[in-house]
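**Q** Quick one: this structure, given as structure tokens, is what I'll be asking you about.
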Amino acid sequence: MTTAKAYRAALLHSLGDPAEVGIDASYEYFADGLLVVENGLISAIGPAPELLAQLPSDVMVEHFPHGLITPGFVDTHIHFPQTGMVGAYGEQLLDWLNNYTFPCESQFADAAHAETVAEIFLDELLRNGTTTALVFASVHPESVEALFAAAHKRDLRLIAGKVLMDRNAPDYLTDTADSGYQQSKALIERWHGKGRLHYAVTPRFAPTSSPAQLTLAGQLLEEYPGLYLQTHLSENLKEIEWVKALFPERKNYLDVYDHYQLLGERSVLAHGVHLCDEECQRLAETGSAIAFCPTSNLFLGSGLFNLPQAERFKVNVGLGTDVGGGTSFSLLQTLNEAYKVMQLQGHKLDPFKSFYLATLGGARALRLEDRIGTLQAGSDADFVVLDYHATPLLQYRLSQARDFAEVLFVLLTLGDDRTVERTYAAGGLVHQR
Ligand code: GUN
Ligand code: ZN
């Protein structure tokens, strides 16, 4: 008696970054494929007729005749305590933080509130096909506790951390350099490496952390192997001016984080909308990644991320929804906006590059490409079934497509949570539309 299960549908996964290996070598596609899952891992992938012939007769096969199976999506930047304030009207970054974000996040001092929202948040990730996210909690350790406990129960691969913020924010929402350090330490010891959870040291951004707090953030990274670092970088022009005024001795915004030894292979910096070449060079040298957050950058009027510049310097780039600055949990909708951000700069975003960003690119930004982001045998069985017939328009439009590249482009442009028929994490069904 085997515990294996098999899923028959069209299959697509990325093999590399189209910017490095070219479009044709960047993906593998089976029009009639089979994905075999065993003990929470993918055990085989290939053409259905071939694999079915070798499959033991007791293995259950589920067939999705108008489905496309892809790896679960990877969201490299999102704020769990901003779930209740998505779509806040009328402000750019700094006023938006003061008027909407900080009051909303203050509610997470209450553990019961944090527990309620953690379930809503994870439901929403899975409804949208996101199986791994790098998540900002609030400044309250209770918020991290609630999120990790909820994710652990569902056996999700998730990275999160408590916000460090000891200045330039309301008193009700600040820690101190020392309390932030101690609280982070306790959370790391409790959660980092438990199940599929990882901890991210999370200074909100340079303006809200004192030099003492940034120093201790760097110290945490030294003390515990495998920790992540997440923060914000060069999102908004007024923010950048503020950082210059607060850290006049630093060469540029990135250099603040560099100085406090916060850059490295597990460092993910959100936005990077206004980077100079020197900053890109340094991001690449240190192996740090940028989370490209198009819906947020448009909604908050922050600017247009220059993906070709990042590619030129070989900076690792993943995709972020940045909810609640971003307006959708859907990485499909995020790609729809990413395409427009490129159009406004005179560039095309190829659908296979888009798909890479939402899957393997995100996994690489998080240094998890040996576990997630593809359908390679041995990977975690974190995958989604997308439905070509999700809406009447999608079904009709796809029937007019001339080739698979067009199918993929239309799917990424029109797709949203309705497109995600099922989501699997570690081989278990965690969402069914
Ligand atoms: N910069 C500092 N904090 C935030 C935040 O919560 N959202 C965004 N988009 N940018 C930030
Ligand atoms: Zn953010």
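The chains in the structure tokens are called A, B, ... from first to last as shown; in each chain the residues are counted from 1, and the ligands are counted from 1 in the order shown.
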Within 8 Å of ligand 1, which residues show up when you count only C-alpha atoms and all ligand atoms? List them as number ranges by chain, please.
**A** A: 79, 82, 93-94, 97, 101, 204-205, 231-233, 235, 270-271, 296-297, 300, 322-326
**Q** Would you kindly return, as a PDB file with all heavy atoms, in the first residue's frame, each protein, DNA or RNA residue with an atom no farther than 8 Å from any atom of Gly67 in chain A, considering only C-alpha atoms and excluding same-chain residues fewer than 2 positions away?
**A**
```
ATOM      1  N   ALA A   9      -2.461  16.896 -15.363  1.00  0.00           N
ATOM      2  CA  ALA A   9      -2.879  18.205 -15.899  1.00  0.00           C
ATOM      3  C   ALA A   9      -1.739  18.694 -16.784  1.00  0.00           C
ATOM      4  O   ALA A   9      -0.711  18.009 -16.903  1.00  0.00           O
ATOM      5  CB  ALA A   9      -3.112  19.201 -14.759  1.00  0.00           C
ATOM      6  N   ALA A  10      -1.903  19.860 -17.387  1.00  0.00           N
ATOM      7  CA  ALA A  10      -0.733  20.518 -17.969  1.00  0.00           C
ATOM      8  C   ALA A  10       0.170  20.927 -16.806  1.00  0.00           C
ATOM      9  O   ALA A  10      -0.326  21.270 -15.724  1.00  0.00           O
ATOM     10  CB  ALA A  10      -1.164  21.734 -18.772  1.00  0.00           C
ATOM     11  N   PHE A  64      -7.159  16.874 -14.001  1.00  0.00           N
ATOM     12  CA  PHE A  64      -7.695  18.227 -14.197  1.00  0.00           C
ATOM     13  C   PHE A  64      -7.590  18.558 -15.688  1.00  0.00           C
ATOM     14  O   PHE A  64      -6.577  19.107 -16.130  1.00  0.00           O
ATOM     15  CB  PHE A  64      -6.906  19.245 -13.362  1.00  0.00           C
ATOM     16  CG  PHE A  64      -6.925  18.950 -11.887  1.00  0.00           C
ATOM     17  CD1 PHE A  64      -5.906  18.208 -11.298  1.00  0.00           C
ATOM     18  CD2 PHE A  64      -7.972  19.397 -11.091  1.00  0.00           C
ATOM     19  CE1 PHE A  64      -5.932  17.930  -9.937  1.00  0.00           C
ATOM     20  CE2 PHE A  64      -8.003  19.115  -9.726  1.00  0.00           C
ATOM     21  CZ  PHE A  64      -6.983  18.382  -9.146  1.00  0.00           C
ATOM     22  N   PRO A  65      -8.612  18.231 -16.459  1.00  0.00           N
ATOM     23  CA  PRO A  65      -8.512  18.361 -17.922  1.00  0.00           C
ATOM     24  C   PRO A  65      -8.334  19.808 -18.384  1.00  0.00           C
ATOM     25  O   PRO A  65      -7.759  20.041 -19.441  1.00  0.00           O
ATOM     26  CB  PRO A  65      -9.835  17.792 -18.440  1.00  0.00           C
ATOM     27  CG  PRO A  65     -10.581  17.252 -17.268  1.00  0.00           C
ATOM     28  CD  PRO A  65      -9.901  17.668 -16.016  1.00  0.00           C
ATOM     29  N   ILE A  69      -0.925  22.874 -13.598  1.00  0.00           N
ATOM     30  CA  ILE A  69      -0.244  22.749 -12.298  1.00  0.00           C
ATOM     31  C   ILE A  69       1.078  23.505 -12.366  1.00  0.00           C
ATOM     32  O   ILE A  69       1.850  23.338 -13.314  1.00  0.00           O
ATOM     33  CB  ILE A  69      -0.027  21.272 -11.933  1.00  0.00           C
ATOM     34  CG1 ILE A  69      -1.395  20.624 -11.633  1.00  0.00           C
ATOM     35  CG2 ILE A  69       0.906  21.132 -10.732  1.00  0.00           C
ATOM     36  CD1 ILE A  69      -1.322  19.155 -11.273  1.00  0.00           C
ATOM     37  N   VAL A 385      -3.190  24.218  -8.576  1.00  0.00           N
ATOM     38  CA  VAL A 385      -3.892  23.857  -9.814  1.00  0.00           C
ATOM     39  C   VAL A 385      -4.631  25.105 -10.268  1.00  0.00           C
ATOM     40  O   VAL A 385      -5.528  25.599  -9.578  1.00  0.00           O
ATOM     41  CB  VAL A 385      -4.893  22.704  -9.585  1.00  0.00           C
ATOM     42  CG1 VAL A 385      -5.551  22.321 -10.901  1.00  0.00           C
ATOM     43  CG2 VAL A 385      -4.213  21.507  -8.926  1.00  0.00           C
ATOM     44  N   LEU A 386      -4.209  25.654 -11.411  1.00  0.00           N
ATOM     45  CA  LEU A 386      -4.871  26.837 -11.973  1.00  0.00           C
ATOM     46  C   LEU A 386      -5.915  26.360 -12.979  1.00  0.00           C
ATOM     47  O   LEU A 386      -5.709  25.359 -13.672  1.00  0.00           O
ATOM     48  CB  LEU A 386      -3.842  27.747 -12.652  1.00  0.00           C
ATOM     49  CG  LEU A 386      -2.670  28.185 -11.755  1.00  0.00           C
ATOM     50  CD1 LEU A 386      -1.695  29.064 -12.545  1.00  0.00           C
ATOM     51  CD2 LEU A 386      -3.173  28.928 -10.516  1.00  0.00           C
ATOM     52  N   ASP A 387      -7.017  27.085 -13.057  1.00  0.00           N
ATOM     53  CA  ASP A 387      -8.168  26.647 -13.856  1.00  0.00           C
ATOM     54  C   ASP A 387      -8.353  27.555 -15.076  1.00  0.00           C
ATOM     55  O   ASP A 387      -8.704  28.719 -14.932  1.00  0.00           O
ATOM     56  CB  ASP A 387      -9.413  26.697 -12.945  1.00  0.00           C
ATOM     57  CG  ASP A 387     -10.683  26.318 -13.688  1.00  0.00           C
ATOM     58  OD1 ASP A 387     -10.585  25.796 -14.822  1.00  0.00           O
ATOM     59  OD2 ASP A 387     -11.767  26.546 -13.124  1.00  0.00           O
ATOM     60  N   TYR A 388      -8.112  26.974 -16.251  1.00  0.00           N
ATOM     61  CA  TYR A 388      -8.281  27.729 -17.500  1.00  0.00           C
ATOM     62  C   TYR A 388      -9.730  28.171 -17.716  1.00  0.00           C
ATOM     63  O   TYR A 388     -10.002  29.039 -18.532  1.00  0.00           O
ATOM     64  CB  TYR A 388      -7.856  26.880 -18.700  1.00  0.00           C
ATOM     65  CG  TYR A 388      -6.372  26.643 -18.837  1.00  0.00           C
ATOM     66  CD1 TYR A 388      -5.889  25.443 -19.370  1.00  0.00           C
ATOM     67  CD2 TYR A 388      -5.433  27.614 -18.481  1.00  0.00           C
ATOM     68  CE1 TYR A 388      -4.532  25.215 -19.542  1.00  0.00           C
ATOM     69  CE2 TYR A 388      -4.080  27.392 -18.652  1.00  0.00           C
ATOM     70  CZ  TYR A 388      -3.628  26.193 -19.182  1.00  0.00           C
ATOM     71  OH  TYR A 388      -2.288  25.976 -19.350  1.00  0.00           O
TER      72      TYR A 388
END
```
**Q** Just list as an MDAnalysis selection string whatever in range 26-202 of chain A DSSP marks as helix (DSSP H, G or I).
**A** chainID A and resid 26 48:54 80:85 93:109 111:127 141:153 171:173 177:191
**Q** Write out as an MDAnalysis selection string the residues lying within 7 Å of range 273-279 of chain A, counting only C-alpha atoms and excluding same-chain residues fewer than 6 positions away.
**A** chainID A and resid 234:235 254 303:306
**Q** Which residues come within 9 Å of Tyr257 in chain A, counting only C-alpha atoms, excluding same-chain residues fewer than 5 positions away, as a list of chain:residue names?
**A** A:Ala206, A:Leu214, A:Leu262, A:Leu263
**Q** If you measure from CA of Gln432 in chain A to CA of Thr374 in chain A, what distance in Å do you get, rounded to one decimal?
**A** 20.9 Å
**Q** Restricting the calculation to only C-alpha atoms and all ligand atoms: of A:His77, A:Arg266, A:Lys5, A:Arg422, which residue gets closest to ligand 2?
**A**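 Comparing A:His77, A:Arg266, A:Lys5, A:Arg422 against ligand 2, the winner is A:His77.
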**Q** Do a neighbour search on Leu216 in chain A at 10 Å with only C-alpha atoms, toss out local chain neighbours closer than 3 positions, and write the hits as a PyMOL selection string.
**A** chain A and resi 177-178+180-182+210-213+219-222+260
**Q** Skipping near chain neighbours, those fewer than 2 positions away, what residues fall within 9 Å of Asn128 in chain A using only C-alpha atoms, listed as a ChimeraX atom specification?
**A** /A:73,123-126,130-131,329-332,416-420,423
**Q** Which residue out of A:Ala291, A:Leu357, A:Ala381, A:Leu412 has the minimum interatomic distance to ligand 2 when only C-alpha atoms and all ligand atoms are used?
**A**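 Under the stated criterion, the closest residue is A:Ala291.
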**Q** Can you check which residues of range 76-258 of chain A DSSP gives as strand (DSSP E) on the backbone and send them as a ChimeraX atom specification?
**A** /A:76-79,130-136,157-161,163-164,197-203,228-233
**Q** Residues as selected, N, CA, C and O atoms, written as a compact mmCIF listing (two decimals), in the first residue's frame, can you do that?
**A**
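And here's result_25.txt as it stands now:
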```
# COMPACT_ATOMS: atom_id res chain seq x y z
N THR A 76 7.60 37.52 -1.69
CA THR A 76 8.81 37.87 -0.94
C THR A 76 8.65 39.13 -0.10
O THR A 76 9.63 39.57 0.51
N HIS A 77 7.44 39.69 -0.08
CA HIS A 77 7.24 40.85 0.81
C HIS A 77 5.77 41.13 1.06
O HIS A 77 5.03 41.52 0.16
N ILE A 78 5.36 40.95 2.32
CA ILE A 78 3.97 41.20 2.69
C ILE A 78 3.89 41.49 4.18
O ILE A 78 4.72 41.01 4.96
N HIS A 79 2.88 42.29 4.57
CA HIS A 79 2.69 42.67 5.99
C HIS A 79 1.41 42.04 6.51
O HIS A 79 0.31 42.46 6.14
N THR A 130 -0.49 31.30 -2.92
CA THR A 130 0.83 31.59 -2.33
C THR A 130 1.12 30.57 -1.25
O THR A 130 0.38 30.49 -0.26
N THR A 131 2.20 29.81 -1.43
CA THR A 131 2.51 28.76 -0.46
C THR A 131 3.70 29.13 0.42
O THR A 131 3.91 28.48 1.45
N THR A 132 4.49 30.12 0.01
CA THR A 132 5.56 30.62 0.88
C THR A 132 5.57 32.13 0.82
O THR A 132 5.45 32.71 -0.26
N ALA A 133 5.71 32.76 2.00
CA ALA A 133 5.82 34.22 2.03
C ALA A 133 6.87 34.63 3.06
O ALA A 133 7.12 33.93 4.03
N LEU A 134 7.46 35.78 2.78
CA LEU A 134 8.36 36.45 3.72
C LEU A 134 7.55 37.60 4.30
O LEU A 134 7.18 38.53 3.58
N VAL A 135 7.28 37.52 5.61
CA VAL A 135 6.21 38.32 6.20
C VAL A 135 6.70 39.25 7.31
O VAL A 135 7.38 38.80 8.24
N PHE A 136 6.29 40.51 7.23
CA PHE A 136 6.43 41.43 8.36
C PHE A 136 5.27 41.19 9.32
O PHE A 136 4.11 41.23 8.91
N ARG A 157 5.57 26.51 4.70
CA ARG A 157 6.91 27.10 4.74
C ARG A 157 6.74 28.61 4.76
O ARG A 157 6.18 29.20 3.83
N LEU A 158 7.17 29.23 5.84
CA LEU A 158 6.91 30.66 6.03
C LEU A 158 8.09 31.29 6.77
O LEU A 158 8.68 30.66 7.65
N ILE A 159 8.37 32.52 6.40
CA ILE A 159 9.44 33.28 7.06
C ILE A 159 8.81 34.55 7.61
O ILE A 159 8.08 35.24 6.89
N ALA A 160 9.07 34.87 8.87
CA ALA A 160 8.47 36.07 9.44
C ALA A 160 9.33 36.61 10.56
O ALA A 160 10.24 35.93 11.06
N GLY A 161 9.02 37.84 10.95
CA GLY A 161 9.75 38.42 12.08
C GLY A 161 9.01 39.59 12.68
O GLY A 161 8.13 40.21 12.06
N VAL A 163 8.71 43.30 13.91
CA VAL A 163 9.25 44.59 13.49
C VAL A 163 10.09 45.20 14.62
O VAL A 163 9.69 45.19 15.78
N LEU A 164 11.25 45.69 14.23
CA LEU A 164 12.11 46.48 15.13
C LEU A 164 11.90 47.94 14.78
O LEU A 164 12.03 48.33 13.62
N LEU A 197 9.35 26.61 9.30
CA LEU A 197 9.37 28.04 9.64
C LEU A 197 10.80 28.56 9.76
O LEU A 197 11.70 27.83 10.18
N HIS A 198 10.96 29.81 9.38
CA HIS A 198 12.26 30.48 9.49
C HIS A 198 12.03 31.88 10.05
O HIS A 198 10.98 32.48 9.80
N TYR A 199 13.03 32.41 10.72
CA TYR A 199 12.88 33.74 11.31
C TYR A 199 13.63 34.80 10.49
O TYR A 199 14.72 34.56 9.98
N ALA A 200 13.00 35.96 10.38
CA ALA A 200 13.63 37.11 9.70
C ALA A 200 13.77 38.27 10.68
O ALA A 200 12.78 38.74 11.24
N VAL A 201 14.99 38.72 10.89
CA VAL A 201 15.25 39.94 11.65
C VAL A 201 14.65 41.09 10.82
O VAL A 201 14.90 41.17 9.62
N THR A 202 13.83 41.95 11.47
CA THR A 202 12.94 42.82 10.70
C THR A 202 12.95 44.30 11.14
O THR A 202 11.96 44.81 11.67
N PRO A 203 14.10 44.98 10.96
CA PRO A 203 14.04 46.44 11.18
C PRO A 203 13.12 47.04 10.13
O PRO A 203 13.30 46.79 8.94
N TYR A 228 17.06 35.23 8.31
CA TYR A 228 16.82 36.19 7.23
C TYR A 228 16.86 37.60 7.79
O TYR A 228 16.77 37.81 9.01
N LEU A 229 16.99 38.56 6.87
CA LEU A 229 16.88 39.97 7.21
C LEU A 229 15.90 40.55 6.22
O LEU A 229 16.06 40.37 5.00
N GLN A 230 14.86 41.23 6.70
CA GLN A 230 13.95 41.92 5.78
C GLN A 230 13.78 43.36 6.23
O GLN A 230 13.70 43.65 7.43
N THR A 231 13.71 44.25 5.24
CA THR A 231 13.47 45.65 5.53
C THR A 231 12.99 46.33 4.25
O THR A 231 12.69 45.66 3.26
N HIS A 232 12.84 47.65 4.30
CA HIS A 232 12.46 48.42 3.12
C HIS A 232 13.63 49.26 2.64
O HIS A 232 14.46 49.67 3.45
N LEU A 233 13.66 49.54 1.34
CA LEU A 233 14.78 50.29 0.76
C LEU A 233 14.30 51.17 -0.39
O LEU A 233 13.64 50.68 -1.31
```
**Q** So the first atom is CA of His431 in chain A and the second is CA of Arg364 in chain A; what is the distance between them in Å, to one decimal place?
**A**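 Spanning CA of His431 in chain A to CA of Arg364 in chain A is a straight-line distance of 24.8 Å.
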**Q** List the neighbours of Gln281 in chain A out to 9 Å using only C-alpha atoms; skip same-chain residues closer than 3 positions along the sequence, and give me the result as a ChimeraX atom specification.
**A** /A:276-278,284-286,310,313-315
**Q** Write the residues of the preceding selection, restricted to N, CA, C and O atoms, as a short mmCIF file (atom, residue, chain, number, x, y, z; two decimals), in the first residue's frame.
**A**
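The new file selection.cif reads:
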```cif
data_model
loop_
_atom_site.label_atom_id
_atom_site.label_comp_id
_atom_site.auth_asym_id
_atom_site.auth_seq_id
_atom_site.Cartn_x
_atom_site.Cartn_y
_atom_site.Cartn_z
N CYS A 276 20.67 53.70 -7.38
CA CYS A 276 21.75 54.05 -8.31
C CYS A 276 22.52 52.78 -8.65
O CYS A 276 22.37 51.74 -8.00
N ASP A 277 23.36 52.88 -9.69
CA ASP A 277 24.13 51.71 -10.13
C ASP A 277 25.00 51.15 -9.01
O ASP A 277 25.16 49.93 -8.88
N GLU A 278 25.56 52.06 -8.21
CA GLU A 278 26.44 51.61 -7.12
C GLU A 278 25.68 50.74 -6.11
O GLU A 278 26.21 49.74 -5.61
N ALA A 284 24.24 43.06 -5.56
CA ALA A 284 24.70 41.85 -6.24
C ALA A 284 25.89 41.24 -5.51
O ALA A 284 25.93 40.03 -5.26
N GLU A 285 26.86 42.07 -5.14
CA GLU A 285 28.06 41.57 -4.45
C GLU A 285 27.73 40.86 -3.15
O GLU A 285 28.39 39.88 -2.79
N THR A 286 26.74 41.37 -2.45
CA THR A 286 26.42 40.79 -1.14
C THR A 286 25.40 39.66 -1.26
O THR A 286 25.10 39.00 -0.26
N ALA A 310 18.30 46.04 -12.59
CA ALA A 310 18.61 44.95 -11.64
C ALA A 310 19.19 43.75 -12.39
O ALA A 310 20.14 43.11 -11.93
N PHE A 313 22.87 44.17 -13.37
CA PHE A 313 23.82 43.95 -12.26
C PHE A 313 23.68 42.57 -11.63
O PHE A 313 24.33 42.27 -10.64
N LYS A 314 22.79 41.75 -12.21
CA LYS A 314 22.55 40.39 -11.68
C LYS A 314 22.11 40.41 -10.22
O LYS A 314 22.59 39.62 -9.38
N VAL A 315 21.22 41.34 -9.91
CA VAL A 315 20.63 41.38 -8.57
C VAL A 315 19.50 40.35 -8.53
O VAL A 315 18.71 40.25 -9.47
#
```
**Q** Nearest to Gly226 in chain A: which of A:Pro248, A:Gly264, A:Gly46, A:Gly362 is it, counting only C-alpha atoms?
**A**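 Using only C-alpha atoms, the shortest distance to Gly226 in chain A belongs to A:Gly264.
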**Q** Of the candidates A:Thr3, A:Gly40, A:Pro294, A:Tyr253, which one gets nearest to Glu241 in chain A if we count only C-alpha atoms?
**A**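 Closest candidate: A:Tyr253.
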**Q** State, in Å with one decimal place, the distance from CA of Ser26 in chain A to CA of Cys293 in chain A.
**A**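 Here the two named atoms are 22.6 Å from each other.
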**Q** When distances are computed from only C-alpha atoms, which of A:Val407, A:Leu298, A:Leu319, A:Leu237 shows the smallest separation from Pro351 in chain A?
**A**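 Of all the options, A:Val407 lies closest to Pro351 in chain A.
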**Q** Under the rule that only C-alpha atoms and all ligand atoms are counted, which of A:Ala4, A:Leu269, A:Leu394, A:Ala44 is the nearest residue to ligand 2?
**A**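 Ranking A:Ala4, A:Leu269, A:Leu394, A:Ala44 by distance to ligand 2, first place goes to A:Leu269.
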